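Undergrad: My structure is below; once you've seen it, I'll send some questions.
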Amino acid sequence: MNPIDFIHDVTWGDLPNNVRQQARRCLLDTIGVAIVGRETELSQIIYNHAARTFGGDDAPLWFDGRRVSAAGASLALGMTIDSVDLHDSCRPIKGHAGVAQVPAALTTLGFGHGTIDGQELLTTLVMAYDIATRTGTAQHNTCCDYHTSGSWNAVAAAAIVARRMGLNREQTRHALGIAEYHGPRSQMMRAIDYPTMVKDGSGWGAMAGVSAGLLAADGFTGAPAITVEADKTKHDIGPYWESLGSEWQILNHFFKPYAVCYWAQAAIAGAVNLQREHHIDTADITGIQVYTFHESARLAMRYPTRTDEAQYSLPFPVAGALVHGKLYLDELQGDNLYHPEVLRLSGLVELIEDDYFNERFPEQRLSRVVITTREGRTYDSGVTWPLWDLREQATDAELRDNSSCQLL
């Protein structure tokens, strides 16, 4: 199916039951993360910025009440979700779709004519996840640098506005092109090496995409989006779109049990599994070796002073999970950033890049953990997968038990 037609024509009746259920899970999980994210300093700053800078009455600042433009509301909600690294993830795009698509869908509910029901909201999200995932995959395979999720999320956010406002096909082409051109091409590994509040760029992507849709509605031009309709003599992006409408990309998204970068999830699972299996007291641990892939080894922050640094770390969350048994926002901010035993263990973590894991990234995000104790005993996790992924998705009950997901 042509991407432009798909944006406007896909209906609730087209969606298989498993796709409908996954859309519900993604929506509620993302809203849960947003609720937790409102507790962060990042969210306070960006909400006040949106209220001060993005005048208008199009949309509410969710969980706040003040009204701003839809672009400003999308920016604030997207960055709030991104402030807690617990939202859904996808391996092929090495990033996150819901963090930008849910804000774009919620903040444009007042656009167009008539009311929007739950089925249409979920259908819009399924469409946007598909556009975002395929755009992101095309970009990663045709671009020399690794950009944040906001870069390709912008295109799908523009698609949401095009669908909601009923733009014609040519306006929609321009909306996608404007969004791709102005989407934040921010370098992801810079945020890994120097973790700050900029995170994965998704709030900015949501803002850029919503703005692009509104600009196209007013006659602004910007087509083509080369990740959607590239010239085959330059980049053949056709294979990324061939299964549109038959293979639903939202099914390739999964959830995280720990509020940190997905690249650290396998190492955390390996450490926790060893501790539980062998009843290891943290006081007895004298060494922790983590064998992992290059990108994971770049999560090298040992002694974070802000939650943003703690969420883009591997040593600190491994230590935190061993001490606390869980990793939600509370374990990654405030006094817990200075927990003596967590800091001691974090200092023991040795990061070792391993070619076995490099060769399998990004399709697989694997690690191996070796723990040494005072008695000279060594415990080896072997090759470890993240706790939840496409091999074994989190159940609804597990998502309910996860502290950010009480809405399920």
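Following the order of the structure tokens, first chain is A, next is B, and so on, with residues numbered from 1 inside each chain and ligands from 1 in the order they appear.
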Near Ala51 in chain A, counting only C-alpha atoms, which residues have an atom at most 9 Å away, once you skip same-chain residues fewer than 5 positions from it, shown as a ChimeraX atom specification?
TA: /A:46,61,66-69,72-73
Undergrad: From a backbone DSSP assignment, name each residue in range 26-233 of chain A labelled strand (DSSP E), as number ranges by chain.
TA: A: 59-60, 67-68, 89-90
Undergrad: Any idea what's packed within 8 Å of Leu176 in chain A, counting only C-alpha atoms, ignoring anything in its chain fewer than 4 positions away? Could you give it as a list in words?
TA: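 Everything that qualifies: Val155, Ala156, Ala158, Ala159, Thr172, Glu180, Gly209, Ala212, Gly213, Gly222, Ala223, Pro224 and Ala225 of chain A.
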Undergrad: What's the 8 Å shell around Met165 in chain A, counting only C-alpha atoms, without same-chain residues fewer than 6 positions away, as an MDAnalysis selection string?
TA: chainID A and resid 111:113
Undergrad: Point out the residue among A:Tyr328, A:Tyr379, A:Tyr303, A:Tyr129 with the least atom-to-atom distance to Val99 in chain A, counting only C-alpha atoms.
TA: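 Smallest separation from Val99 in chain A among the options: A:Tyr129.
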Undergrad: Let me make sure I understand: among A:Ile131, A:Cys143, A:Ala269, A:Leu343, which one has the smallest atom-to-atom distance to Pro257 in chain A if we use only C-alpha atoms?
TA: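 The shortest atom-to-atom distance to Pro257 in chain A comes from A:Ala269.
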Undergrad: Per residue of range 240-279 of chain A within 12 Å of range 27-32 of chain A, what are the shortest atom pair and its distance in Å to one decimal, counting only C-alpha atoms, with rows by chain and residue number, as JSON lines?
TA:
```
{"residue": "A:Ile250", "atom": "CA", "partner": "A:Leu27", "partner_atom": "CA", "distance": 11.1}
{"residue": "A:His253", "atom": "CA", "partner": "A:Asp29", "partner_atom": "CA", "distance": 11.8}
{"residue": "A:Phe254", "atom": "CA", "partner": "A:Asp29", "partner_atom": "CA", "distance": 10.4}
{"residue": "A:Phe255", "atom": "CA", "partner": "A:Asp29", "partner_atom": "CA", "distance": 8.3}
{"residue": "A:Lys256", "atom": "CA", "partner": "A:Asp29", "partner_atom": "CA", "distance": 10.1}
{"residue": "A:Pro257", "atom": "CA", "partner": "A:Asp29", "partner_atom": "CA", "distance": 11.4}
```
Undergrad: Got a sec to tell me which of range 151-281 of chain A DSSP assigns to helix (DSSP H, G or I), as a PDB file with N, CA and C atoms, in the first residue's frame?
TA:
```pdb
ATOM      1  N   SER A 151      14.294  12.258  15.119  1.00  0.00           N
ATOM      2  CA  SER A 151      14.532  12.558  13.708  1.00  0.00           C
ATOM      3  C   SER A 151      13.494  11.893  12.811  1.00  0.00           C
ATOM      4  N   TRP A 152      13.166  10.656  13.071  1.00  0.00           N
ATOM      5  CA  TRP A 152      12.163   9.967  12.259  1.00  0.00           C
ATOM      6  C   TRP A 152      10.771   9.991  12.890  1.00  0.00           C
ATOM      7  N   ASN A 153      10.691  10.185  14.187  1.00  0.00           N
ATOM      8  CA  ASN A 153       9.383  10.342  14.834  1.00  0.00           C
ATOM      9  C   ASN A 153       8.645  11.554  14.299  1.00  0.00           C
ATOM     10  N   ALA A 154       9.384  12.577  13.882  1.00  0.00           N
ATOM     11  CA  ALA A 154       8.753  13.785  13.360  1.00  0.00           C
ATOM     12  C   ALA A 154       7.873  13.464  12.155  1.00  0.00           C
ATOM     13  N   VAL A 155       8.327  12.558  11.295  1.00  0.00           N
ATOM     14  CA  VAL A 155       7.573  12.223  10.083  1.00  0.00           C
ATOM     15  C   VAL A 155       6.225  11.594  10.451  1.00  0.00           C
ATOM     16  N   ALA A 156       6.230  10.680  11.406  1.00  0.00           N
ATOM     17  CA  ALA A 156       4.982  10.020  11.799  1.00  0.00           C
ATOM     18  C   ALA A 156       4.056  10.984  12.538  1.00  0.00           C
ATOM     19  N   ALA A 157       4.615  11.907  13.321  1.00  0.00           N
ATOM     20  CA  ALA A 157       3.776  12.905  13.998  1.00  0.00           C
ATOM     21  C   ALA A 157       3.075  13.786  12.969  1.00  0.00           C
ATOM     22  N   ALA A 158       3.774  14.112  11.884  1.00  0.00           N
ATOM     23  CA  ALA A 158       3.142  14.872  10.806  1.00  0.00           C
ATOM     24  C   ALA A 158       2.019  14.065  10.158  1.00  0.00           C
ATOM     25  N   ALA A 159       2.222  12.751  10.049  1.00  0.00           N
ATOM     26  CA  ALA A 159       1.183  11.886   9.486  1.00  0.00           C
ATOM     27  C   ALA A 159      -0.075  11.911  10.343  1.00  0.00           C
ATOM     28  N   ILE A 160       0.102  11.970  11.670  1.00  0.00           N
ATOM     29  CA  ILE A 160      -1.053  12.054  12.572  1.00  0.00           C
ATOM     30  C   ILE A 160      -1.859  13.317  12.290  1.00  0.00           C
ATOM     31  N   VAL A 161      -1.174  14.449  12.155  1.00  0.00           N
ATOM     32  CA  VAL A 161      -1.867  15.709  11.879  1.00  0.00           C
ATOM     33  C   VAL A 161      -2.561  15.648  10.523  1.00  0.00           C
ATOM     34  N   ALA A 162      -1.892  15.075   9.534  1.00  0.00           N
ATOM     35  CA  ALA A 162      -2.490  14.970   8.200  1.00  0.00           C
ATOM     36  C   ALA A 162      -3.783  14.152   8.248  1.00  0.00           C
ATOM     37  N   ARG A 163      -3.770  13.060   8.985  1.00  0.00           N
ATOM     38  CA  ARG A 163      -4.975  12.221   9.096  1.00  0.00           C
ATOM     39  C   ARG A 163      -6.071  12.960   9.854  1.00  0.00           C
ATOM     40  N   ARG A 164      -5.693  13.578  10.963  1.00  0.00           N
ATOM     41  CA  ARG A 164      -6.694  14.227  11.813  1.00  0.00           C
ATOM     42  C   ARG A 164      -7.342  15.414  11.113  1.00  0.00           C
ATOM     43  N   MET A 165      -6.549  16.182  10.344  1.00  0.00           N
ATOM     44  CA  MET A 165      -7.078  17.375   9.682  1.00  0.00           C
ATOM     45  C   MET A 165      -7.647  17.083   8.301  1.00  0.00           C
ATOM     46  N   ARG A 169      -3.845  14.434  -0.450  1.00  0.00           N
ATOM     47  CA  ARG A 169      -2.642  13.620  -0.633  1.00  0.00           C
ATOM     48  C   ARG A 169      -1.403  14.480  -0.854  1.00  0.00           C
ATOM     49  N   GLU A 170      -1.525  15.537  -1.631  1.00  0.00           N
ATOM     50  CA  GLU A 170      -0.361  16.375  -1.900  1.00  0.00           C
ATOM     51  C   GLU A 170       0.062  17.141  -0.648  1.00  0.00           C
ATOM     52  N   GLN A 171      -0.889  17.641   0.117  1.00  0.00           N
ATOM     53  CA  GLN A 171      -0.552  18.299   1.379  1.00  0.00           C
ATOM     54  C   GLN A 171       0.139  17.328   2.329  1.00  0.00           C
ATOM     55  N   THR A 172      -0.318  16.098   2.342  1.00  0.00           N
ATOM     56  CA  THR A 172       0.283  15.095   3.211  1.00  0.00           C
ATOM     57  C   THR A 172       1.727  14.822   2.821  1.00  0.00           C
ATOM     58  N   ARG A 173       1.990  14.725   1.505  1.00  0.00           N
ATOM     59  CA  ARG A 173       3.378  14.556   1.042  1.00  0.00           C
ATOM     60  C   ARG A 173       4.256  15.683   1.568  1.00  0.00           C
ATOM     61  N   HIS A 174       3.755  16.891   1.485  1.00  0.00           N
ATOM     62  CA  HIS A 174       4.543  18.028   1.941  1.00  0.00           C
ATOM     63  C   HIS A 174       4.712  18.002   3.461  1.00  0.00           C
ATOM     64  N   ALA A 175       3.684  17.587   4.182  1.00  0.00           N
ATOM     65  CA  ALA A 175       3.801  17.490   5.641  1.00  0.00           C
ATOM     66  C   ALA A 175       4.918  16.537   6.036  1.00  0.00           C
ATOM     67  N   LEU A 176       4.982  15.379   5.384  1.00  0.00           N
ATOM     68  CA  LEU A 176       6.032  14.407   5.684  1.00  0.00           C
ATOM     69  C   LEU A 176       7.409  14.964   5.322  1.00  0.00           C
ATOM     70  N   GLY A 177       7.491  15.652   4.188  1.00  0.00           N
ATOM     71  CA  GLY A 177       8.762  16.214   3.765  1.00  0.00           C
ATOM     72  C   GLY A 177       9.243  17.329   4.680  1.00  0.00           C
ATOM     73  N   ILE A 178       8.335  18.187   5.105  1.00  0.00           N
ATOM     74  CA  ILE A 178       8.706  19.259   6.042  1.00  0.00           C
ATOM     75  C   ILE A 178       9.206  18.657   7.344  1.00  0.00           C
ATOM     76  N   ALA A 179       8.488  17.656   7.837  1.00  0.00           N
ATOM     77  CA  ALA A 179       8.870  17.027   9.111  1.00  0.00           C
ATOM     78  C   ALA A 179      10.225  16.356   9.015  1.00  0.00           C
ATOM     79  N   GLU A 180      10.476  15.635   7.924  1.00  0.00           N
ATOM     80  CA  GLU A 180      11.764  14.976   7.772  1.00  0.00           C
ATOM     81  C   GLU A 180      12.896  16.001   7.679  1.00  0.00           C
ATOM     82  N   TYR A 181      12.666  17.082   6.938  1.00  0.00           N
ATOM     83  CA  TYR A 181      13.695  18.099   6.733  1.00  0.00           C
ATOM     84  C   TYR A 181      14.025  18.820   8.040  1.00  0.00           C
ATOM     85  N   HIS A 182      13.007  19.136   8.829  1.00  0.00           N
ATOM     86  CA  HIS A 182      13.207  19.910  10.049  1.00  0.00           C
ATOM     87  C   HIS A 182      13.279  19.043  11.314  1.00  0.00           C
ATOM     88  N   MET A 188      22.769  10.489  18.476  1.00  0.00           N
ATOM     89  CA  MET A 188      22.395   9.722  19.658  1.00  0.00           C
ATOM     90  C   MET A 188      23.583   9.435  20.566  1.00  0.00           C
ATOM     91  N   MET A 189      24.720   9.076  19.992  1.00  0.00           N
ATOM     92  CA  MET A 189      25.851   8.677  20.834  1.00  0.00           C
ATOM     93  C   MET A 189      26.422   9.852  21.622  1.00  0.00           C
ATOM     94  N   ARG A 190      26.178  11.067  21.173  1.00  0.00           N
ATOM     95  CA  ARG A 190      26.569  12.232  21.966  1.00  0.00           C
ATOM     96  C   ARG A 190      25.792  12.253  23.274  1.00  0.00           C
ATOM     97  N   ALA A 191      24.500  11.917  23.203  1.00  0.00           N
ATOM     98  CA  ALA A 191      23.692  11.875  24.423  1.00  0.00           C
ATOM     99  C   ALA A 191      24.091  10.709  25.317  1.00  0.00           C
ATOM    100  N   ILE A 192      24.642   9.652  24.738  1.00  0.00           N
ATOM    101  CA  ILE A 192      25.121   8.526  25.529  1.00  0.00           C
ATOM    102  C   ILE A 192      26.405   8.907  26.264  1.00  0.00           C
ATOM    103  N   ASP A 193      27.314   9.560  25.560  1.00  0.00           N
ATOM    104  CA  ASP A 193      28.594   9.933  26.166  1.00  0.00           C
ATOM    105  C   ASP A 193      28.452  11.075  27.161  1.00  0.00           C
ATOM    106  N   SER A 202      12.893  13.057  21.262  1.00  0.00           N
ATOM    107  CA  SER A 202      11.554  12.719  20.781  1.00  0.00           C
ATOM    108  C   SER A 202      10.529  13.823  21.012  1.00  0.00           C
ATOM    109  N   GLY A 203      10.672  14.572  22.095  1.00  0.00           N
ATOM    110  CA  GLY A 203       9.758  15.697  22.294  1.00  0.00           C
ATOM    111  C   GLY A 203       9.916  16.720  21.182  1.00  0.00           C
ATOM    112  N   TRP A 204      11.166  16.983  20.823  1.00  0.00           N
ATOM    113  CA  TRP A 204      11.429  17.914  19.728  1.00  0.00           C
ATOM    114  C   TRP A 204      10.891  17.353  18.411  1.00  0.00           C
ATOM    115  N   GLY A 205      10.999  16.033  18.228  1.00  0.00           N
ATOM    116  CA  GLY A 205      10.457  15.416  17.032  1.00  0.00           C
ATOM    117  C   GLY A 205       8.946  15.543  16.950  1.00  0.00           C
ATOM    118  N   ALA A 206       8.265  15.349  18.082  1.00  0.00           N
ATOM    119  CA  ALA A 206       6.812  15.506  18.108  1.00  0.00           C
ATOM    120  C   ALA A 206       6.420  16.932  17.757  1.00  0.00           C
ATOM    121  N   MET A 207       7.130  17.887  18.328  1.00  0.00           N
ATOM    122  CA  MET A 207       6.859  19.299  18.043  1.00  0.00           C
ATOM    123  C   MET A 207       7.084  19.604  16.564  1.00  0.00           C
ATOM    124  N   ALA A 208       8.194  19.126  16.015  1.00  0.00           N
ATOM    125  CA  ALA A 208       8.500  19.378  14.600  1.00  0.00           C
ATOM    126  C   ALA A 208       7.450  18.756  13.692  1.00  0.00           C
ATOM    127  N   GLY A 209       7.013  17.532  14.037  1.00  0.00           N
ATOM    128  CA  GLY A 209       6.030  16.860  13.199  1.00  0.00           C
ATOM    129  C   GLY A 209       4.668  17.522  13.228  1.00  0.00           C
ATOM    130  N   VAL A 210       4.211  17.911  14.419  1.00  0.00           N
ATOM    131  CA  VAL A 210       2.925  18.602  14.519  1.00  0.00           C
ATOM    132  C   VAL A 210       2.990  19.935  13.774  1.00  0.00           C
ATOM    133  N   SER A 211       4.080  20.654  13.932  1.00  0.00           N
ATOM    134  CA  SER A 211       4.245  21.924  13.215  1.00  0.00           C
ATOM    135  C   SER A 211       4.245  21.707  11.711  1.00  0.00           C
ATOM    136  N   ALA A 212       4.897  20.627  11.263  1.00  0.00           N
ATOM    137  CA  ALA A 212       4.953  20.341   9.828  1.00  0.00           C
ATOM    138  C   ALA A 212       3.569  20.102   9.257  1.00  0.00           C
ATOM    139  N   GLY A 213       2.741  19.354   9.974  1.00  0.00           N
ATOM    140  CA  GLY A 213       1.385  19.111   9.503  1.00  0.00           C
ATOM    141  C   GLY A 213       0.577  20.392   9.392  1.00  0.00           C
ATOM    142  N   LEU A 214       0.715  21.266  10.381  1.00  0.00           N
ATOM    143  CA  LEU A 214      -0.011  22.534  10.361  1.00  0.00           C
ATOM    144  C   LEU A 214       0.493  23.442   9.245  1.00  0.00           C
ATOM    145  N   LEU A 215       1.803  23.441   9.009  1.00  0.00           N
ATOM    146  CA  LEU A 215       2.357  24.237   7.914  1.00  0.00           C
ATOM    147  C   LEU A 215       1.838  23.752   6.568  1.00  0.00           C
ATOM    148  N   ALA A 216       1.811  22.427   6.379  1.00  0.00           N
ATOM    149  CA  ALA A 216       1.325  21.881   5.105  1.00  0.00           C
ATOM    150  C   ALA A 216      -0.138  22.242   4.878  1.00  0.00           C
ATOM    151  N   ALA A 217      -0.912  22.262   5.962  1.00  0.00           N
ATOM    152  CA  ALA A 217      -2.326  22.640   5.839  1.00  0.00           C
ATOM    153  C   ALA A 217      -2.479  24.070   5.348  1.00  0.00           C
ATOM    154  N   ILE A 226      12.542  11.776   1.786  1.00  0.00           N
ATOM    155  CA  ILE A 226      13.320  10.765   1.062  1.00  0.00           C
ATOM    156  C   ILE A 226      13.288   9.399   1.736  1.00  0.00           C
ATOM    157  N   THR A 227      12.965   9.336   3.032  1.00  0.00           N
ATOM    158  CA  THR A 227      12.826   8.035   3.684  1.00  0.00           C
ATOM    159  C   THR A 227      11.512   7.357   3.316  1.00  0.00           C
ATOM    160  N   VAL A 228      10.617   8.103   2.678  1.00  0.00           N
ATOM    161  CA  VAL A 228       9.314   7.560   2.283  1.00  0.00           C
ATOM    162  C   VAL A 228       9.238   7.344   0.783  1.00  0.00           C
ATOM    163  N   GLU A 229       9.858   8.220  -0.011  1.00  0.00           N
ATOM    164  CA  GLU A 229       9.739   8.121  -1.468  1.00  0.00           C
ATOM    165  C   GLU A 229      11.039   8.475  -2.176  1.00  0.00           C
ATOM    166  N   GLY A 238      12.290   1.155  -1.097  1.00  0.00           N
ATOM    167  CA  GLY A 238      11.096   0.364  -1.355  1.00  0.00           C
ATOM    168  C   GLY A 238      10.907  -0.823  -0.430  1.00  0.00           C
ATOM    169  N   PRO A 239      11.975  -1.607  -0.152  1.00  0.00           N
ATOM    170  CA  PRO A 239      11.801  -2.783   0.710  1.00  0.00           C
ATOM    171  C   PRO A 239      11.272  -2.464   2.111  1.00  0.00           C
ATOM    172  N   TYR A 240      11.491  -1.252   2.582  1.00  0.00           N
ATOM    173  CA  TYR A 240      11.034  -0.905   3.927  1.00  0.00           C
ATOM    174  C   TYR A 240       9.528  -0.645   3.967  1.00  0.00           C
ATOM    175  N   GLN A 249       3.941  -2.962  12.357  1.00  0.00           N
ATOM    176  CA  GLN A 249       5.185  -2.683  13.068  1.00  0.00           C
ATOM    177  C   GLN A 249       5.001  -2.474  14.567  1.00  0.00           C
ATOM    178  N   ILE A 250       3.803  -2.146  15.001  1.00  0.00           N
ATOM    179  CA  ILE A 250       3.589  -1.961  16.437  1.00  0.00           C
ATOM    180  C   ILE A 250       3.843  -3.262  17.198  1.00  0.00           C
ATOM    181  N   LEU A 251       3.746  -4.389  16.506  1.00  0.00           N
ATOM    182  CA  LEU A 251       4.008  -5.683  17.140  1.00  0.00           C
ATOM    183  C   LEU A 251       5.495  -5.895  17.391  1.00  0.00           C
ATOM    184  N   ASN A 252       6.343  -5.078  16.783  1.00  0.00           N
ATOM    185  CA  ASN A 252       7.785  -5.185  16.997  1.00  0.00           C
ATOM    186  C   ASN A 252       8.260  -4.316  18.153  1.00  0.00           C
ATOM    187  N   TYR A 262      17.675   0.756  27.078  1.00  0.00           N
ATOM    188  CA  TYR A 262      17.487  -0.663  26.789  1.00  0.00           C
ATOM    189  C   TYR A 262      18.811  -1.399  26.615  1.00  0.00           C
ATOM    190  N   TRP A 263      19.859  -0.678  26.259  1.00  0.00           N
ATOM    191  CA  TRP A 263      21.158  -1.324  26.077  1.00  0.00           C
ATOM    192  C   TRP A 263      21.723  -1.871  27.388  1.00  0.00           C
ATOM    193  N   ALA A 264      21.226  -1.391  28.508  1.00  0.00           N
ATOM    194  CA  ALA A 264      21.688  -1.881  29.810  1.00  0.00           C
ATOM    195  C   ALA A 264      20.797  -2.981  30.369  1.00  0.00           C
ATOM    196  N   GLN A 265      19.664  -3.261  29.727  1.00  0.00           N
ATOM    197  CA  GLN A 265      18.679  -4.172  30.302  1.00  0.00           C
ATOM    198  C   GLN A 265      19.195  -5.605  30.434  1.00  0.00           C
ATOM    199  N   ALA A 266      19.942  -6.100  29.459  1.00  0.00           N
ATOM    200  CA  ALA A 266      20.434  -7.480  29.537  1.00  0.00           C
ATOM    201  C   ALA A 266      21.437  -7.642  30.668  1.00  0.00           C
ATOM    202  N   ALA A 267      22.307  -6.655  30.851  1.00  0.00           N
ATOM    203  CA  ALA A 267      23.282  -6.725  31.941  1.00  0.00           C
ATOM    204  C   ALA A 267      22.592  -6.722  33.297  1.00  0.00           C
ATOM    205  N   ILE A 268      21.568  -5.901  33.434  1.00  0.00           N
ATOM    206  CA  ILE A 268      20.814  -5.869  34.698  1.00  0.00           C
ATOM    207  C   ILE A 268      20.161  -7.224  34.938  1.00  0.00           C
ATOM    208  N   ALA A 269      19.531  -7.778  33.907  1.00  0.00           N
ATOM    209  CA  ALA A 269      18.885  -9.085  34.050  1.00  0.00           C
ATOM    210  C   ALA A 269      19.896 -10.151  34.435  1.00  0.00           C
ATOM    211  N   GLY A 270      21.085 -10.126  33.818  1.00  0.00           N
ATOM    212  CA  GLY A 270      22.107 -11.119  34.148  1.00  0.00           C
ATOM    213  C   GLY A 270      22.558 -11.013  35.585  1.00  0.00           C
ATOM    214  N   ALA A 271      22.769  -9.792  36.081  1.00  0.00           N
ATOM    215  CA  ALA A 271      23.213  -9.594  37.461  1.00  0.00           C
ATOM    216  C   ALA A 271      22.141 -10.023  38.453  1.00  0.00           C
ATOM    217  N   VAL A 272      20.901  -9.614  38.205  1.00  0.00           N
ATOM    218  CA  VAL A 272      19.800  -9.959  39.115  1.00  0.00           C
ATOM    219  C   VAL A 272      19.557 -11.464  39.123  1.00  0.00           C
ATOM    220  N   ASN A 273      19.634 -12.109  37.965  1.00  0.00           N
ATOM    221  CA  ASN A 273      19.444 -13.563  37.900  1.00  0.00           C
ATOM    222  C   ASN A 273      20.493 -14.295  38.732  1.00  0.00           C
ATOM    223  N   LEU A 274      21.746 -13.854  38.626  1.00  0.00           N
ATOM    224  CA  LEU A 274      22.807 -14.474  39.426  1.00  0.00           C
ATOM    225  C   LEU A 274      22.564 -14.279  40.913  1.00  0.00           C
ATOM    226  N   GLN A 275      22.189 -13.078  41.284  1.00  0.00           N
ATOM    227  CA  GLN A 275      21.961 -12.793  42.696  1.00  0.00           C
ATOM    228  C   GLN A 275      20.846 -13.674  43.270  1.00  0.00           C
ATOM    229  N   ARG A 276      19.757 -13.811  42.521  1.00  0.00           N
ATOM    230  CA  ARG A 276      18.626 -14.603  43.009  1.00  0.00           C
ATOM    231  C   ARG A 276      18.936 -16.096  43.017  1.00  0.00           C
ATOM    232  N   GLU A 277      19.604 -16.563  41.982  1.00  0.00           N
ATOM    233  CA  GLU A 277      19.895 -17.991  41.889  1.00  0.00           C
ATOM    234  C   GLU A 277      20.874 -18.450  42.956  1.00  0.00           C
ATOM    235  N   HIS A 278      21.863 -17.612  43.270  1.00  0.00           N
ATOM    236  CA  HIS A 278      22.929 -18.026  44.185  1.00  0.00           C
ATOM    237  C   HIS A 278      22.857 -17.309  45.537  1.00  0.00           C
TER     238      HIS A 278
END
```
Undergrad: Contacts of Lys326 in chain A at 12 Å or less, counting only C-alpha atoms, minus same-chain residues fewer than 3 places along, as a PyMOL selection string?
TA: chain A and resi 256-260+268-269+272+317-323+329-332+401-403
Undergrad: I need the residues from that last selection saved to file as a short mmCIF file (atom, residue, chain, number, x, y, z; two decimals), in the first residue's frame (with N, CA, C and O atoms), if you can.
TA:
```cif
data_model
loop_
_atom_site.label_atom_id
_atom_site.label_comp_id
_atom_site.auth_asym_id
_atom_site.auth_seq_id
_atom_site.Cartn_x
_atom_site.Cartn_y
_atom_site.Cartn_z
N LYS A 256 9.86 -2.31 28.86
CA LYS A 256 11.06 -2.44 29.68
C LYS A 256 10.69 -2.55 31.17
O LYS A 256 9.86 -1.78 31.64
N PRO A 257 11.34 -3.45 31.90
CA PRO A 257 11.08 -3.57 33.34
C PRO A 257 11.85 -2.56 34.18
O PRO A 257 11.50 -2.30 35.31
N TYR A 258 12.93 -2.01 33.60
CA TYR A 258 13.80 -1.10 34.35
C TYR A 258 13.86 0.25 33.63
O TYR A 258 13.95 0.31 32.40
N ALA A 259 13.85 1.35 34.38
CA ALA A 259 13.74 2.69 33.82
C ALA A 259 15.10 3.23 33.37
O ALA A 259 15.52 4.33 33.76
N VAL A 260 15.78 2.46 32.54
CA VAL A 260 17.08 2.88 32.01
C VAL A 260 17.16 2.46 30.54
O VAL A 260 16.33 1.69 30.05
N ILE A 268 21.57 -5.90 33.43
CA ILE A 268 20.81 -5.87 34.70
C ILE A 268 20.16 -7.22 34.94
O ILE A 268 20.23 -7.77 36.05
N ALA A 269 19.53 -7.78 33.91
CA ALA A 269 18.88 -9.09 34.05
C ALA A 269 19.90 -10.15 34.43
O ALA A 269 19.63 -11.00 35.30
N VAL A 272 20.90 -9.61 38.21
CA VAL A 272 19.80 -9.96 39.12
C VAL A 272 19.56 -11.46 39.12
O VAL A 272 19.31 -12.06 40.19
N PRO A 317 22.93 1.41 37.21
CA PRO A 317 21.70 0.62 37.33
C PRO A 317 21.93 -0.85 37.65
O PRO A 317 21.11 -1.47 38.32
N VAL A 318 23.04 -1.43 37.17
CA VAL A 318 23.35 -2.81 37.57
C VAL A 318 23.52 -2.86 39.08
O VAL A 318 22.95 -3.73 39.77
N ALA A 319 24.27 -1.91 39.62
CA ALA A 319 24.46 -1.85 41.07
C ALA A 319 23.16 -1.57 41.78
O ALA A 319 22.84 -2.18 42.82
N GLY A 320 22.37 -0.65 41.24
CA GLY A 320 21.11 -0.29 41.88
C GLY A 320 20.13 -1.45 41.92
O GLY A 320 19.42 -1.65 42.92
N ALA A 321 20.08 -2.22 40.84
CA ALA A 321 19.17 -3.37 40.82
C ALA A 321 19.59 -4.42 41.84
O ALA A 321 18.75 -5.06 42.48
N LEU A 322 20.90 -4.62 42.01
CA LEU A 322 21.39 -5.58 43.00
C LEU A 322 21.05 -5.15 44.42
O LEU A 322 20.74 -5.98 45.28
N VAL A 323 21.09 -3.85 44.67
CA VAL A 323 20.82 -3.34 46.02
C VAL A 323 19.33 -3.22 46.29
O VAL A 323 18.83 -3.64 47.34
N LEU A 329 11.80 5.24 38.93
CA LEU A 329 12.36 6.59 39.04
C LEU A 329 12.97 6.83 40.41
O LEU A 329 14.04 7.44 40.52
N ASP A 330 12.31 6.35 41.48
CA ASP A 330 12.80 6.63 42.83
C ASP A 330 14.22 6.11 43.04
O ASP A 330 15.02 6.73 43.75
N GLU A 331 14.55 4.98 42.46
CA GLU A 331 15.88 4.39 42.64
C GLU A 331 16.95 5.11 41.81
O GLU A 331 18.14 4.83 41.95
N LEU A 332 16.51 6.04 40.96
CA LEU A 332 17.43 6.69 40.03
C LEU A 332 17.47 8.21 40.21
O LEU A 332 17.88 8.94 39.31
N ASP A 401 1.91 -4.69 37.25
CA ASP A 401 2.77 -4.72 38.44
C ASP A 401 3.90 -3.72 38.35
O ASP A 401 4.43 -3.28 39.38
N ASN A 402 4.32 -3.36 37.12
CA ASN A 402 5.38 -2.37 36.96
C ASN A 402 4.83 -1.01 37.42
O ASN A 402 3.75 -0.61 37.03
N SER A 403 5.55 -0.30 38.22
CA SER A 403 5.01 0.83 38.96
C SER A 403 4.44 1.93 38.09
O SER A 403 3.57 2.67 38.51
#
```
Undergrad: Separation of CA of Glu392 in chain A and CA of Leu314 in chain A, in Å?
TA: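 Calculated distance between CA of Glu392 in chain A and CA of Leu314 in chain A is 22.6 Å.
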Undergrad: Contacts of Gly98 in chain A at 9 Å or less, counting only C-alpha atoms, minus same-chain residues fewer than 3 places along, as number ranges by chain?
TA: A: 26-27, 30, 78, 87-89, 101-103, 125, 128-129, 153
Undergrad: Using only C-alpha atoms, what does the table of range 76-174 of chain A residues within 9 Å of range 344-362 of chain A look like, with each row giving the shortest atom pair and its distance in Å to one decimal, sorted by chain and ascending number, as JSON lines?
TA:
```
{"residue": "A:Arg91", "atom": "CA", "partner": "A:Pro362", "partner_atom": "CA", "distance": 6.1}
{"residue": "A:Pro92", "atom": "CA", "partner": "A:Pro362", "partner_atom": "CA", "distance": 6.8}
{"residue": "A:Ile93", "atom": "CA", "partner": "A:Pro362", "partner_atom": "CA", "distance": 8.6}
{"residue": "A:Lys94", "atom": "CA", "partner": "A:Pro362", "partner_atom": "CA", "distance": 6.9}
```
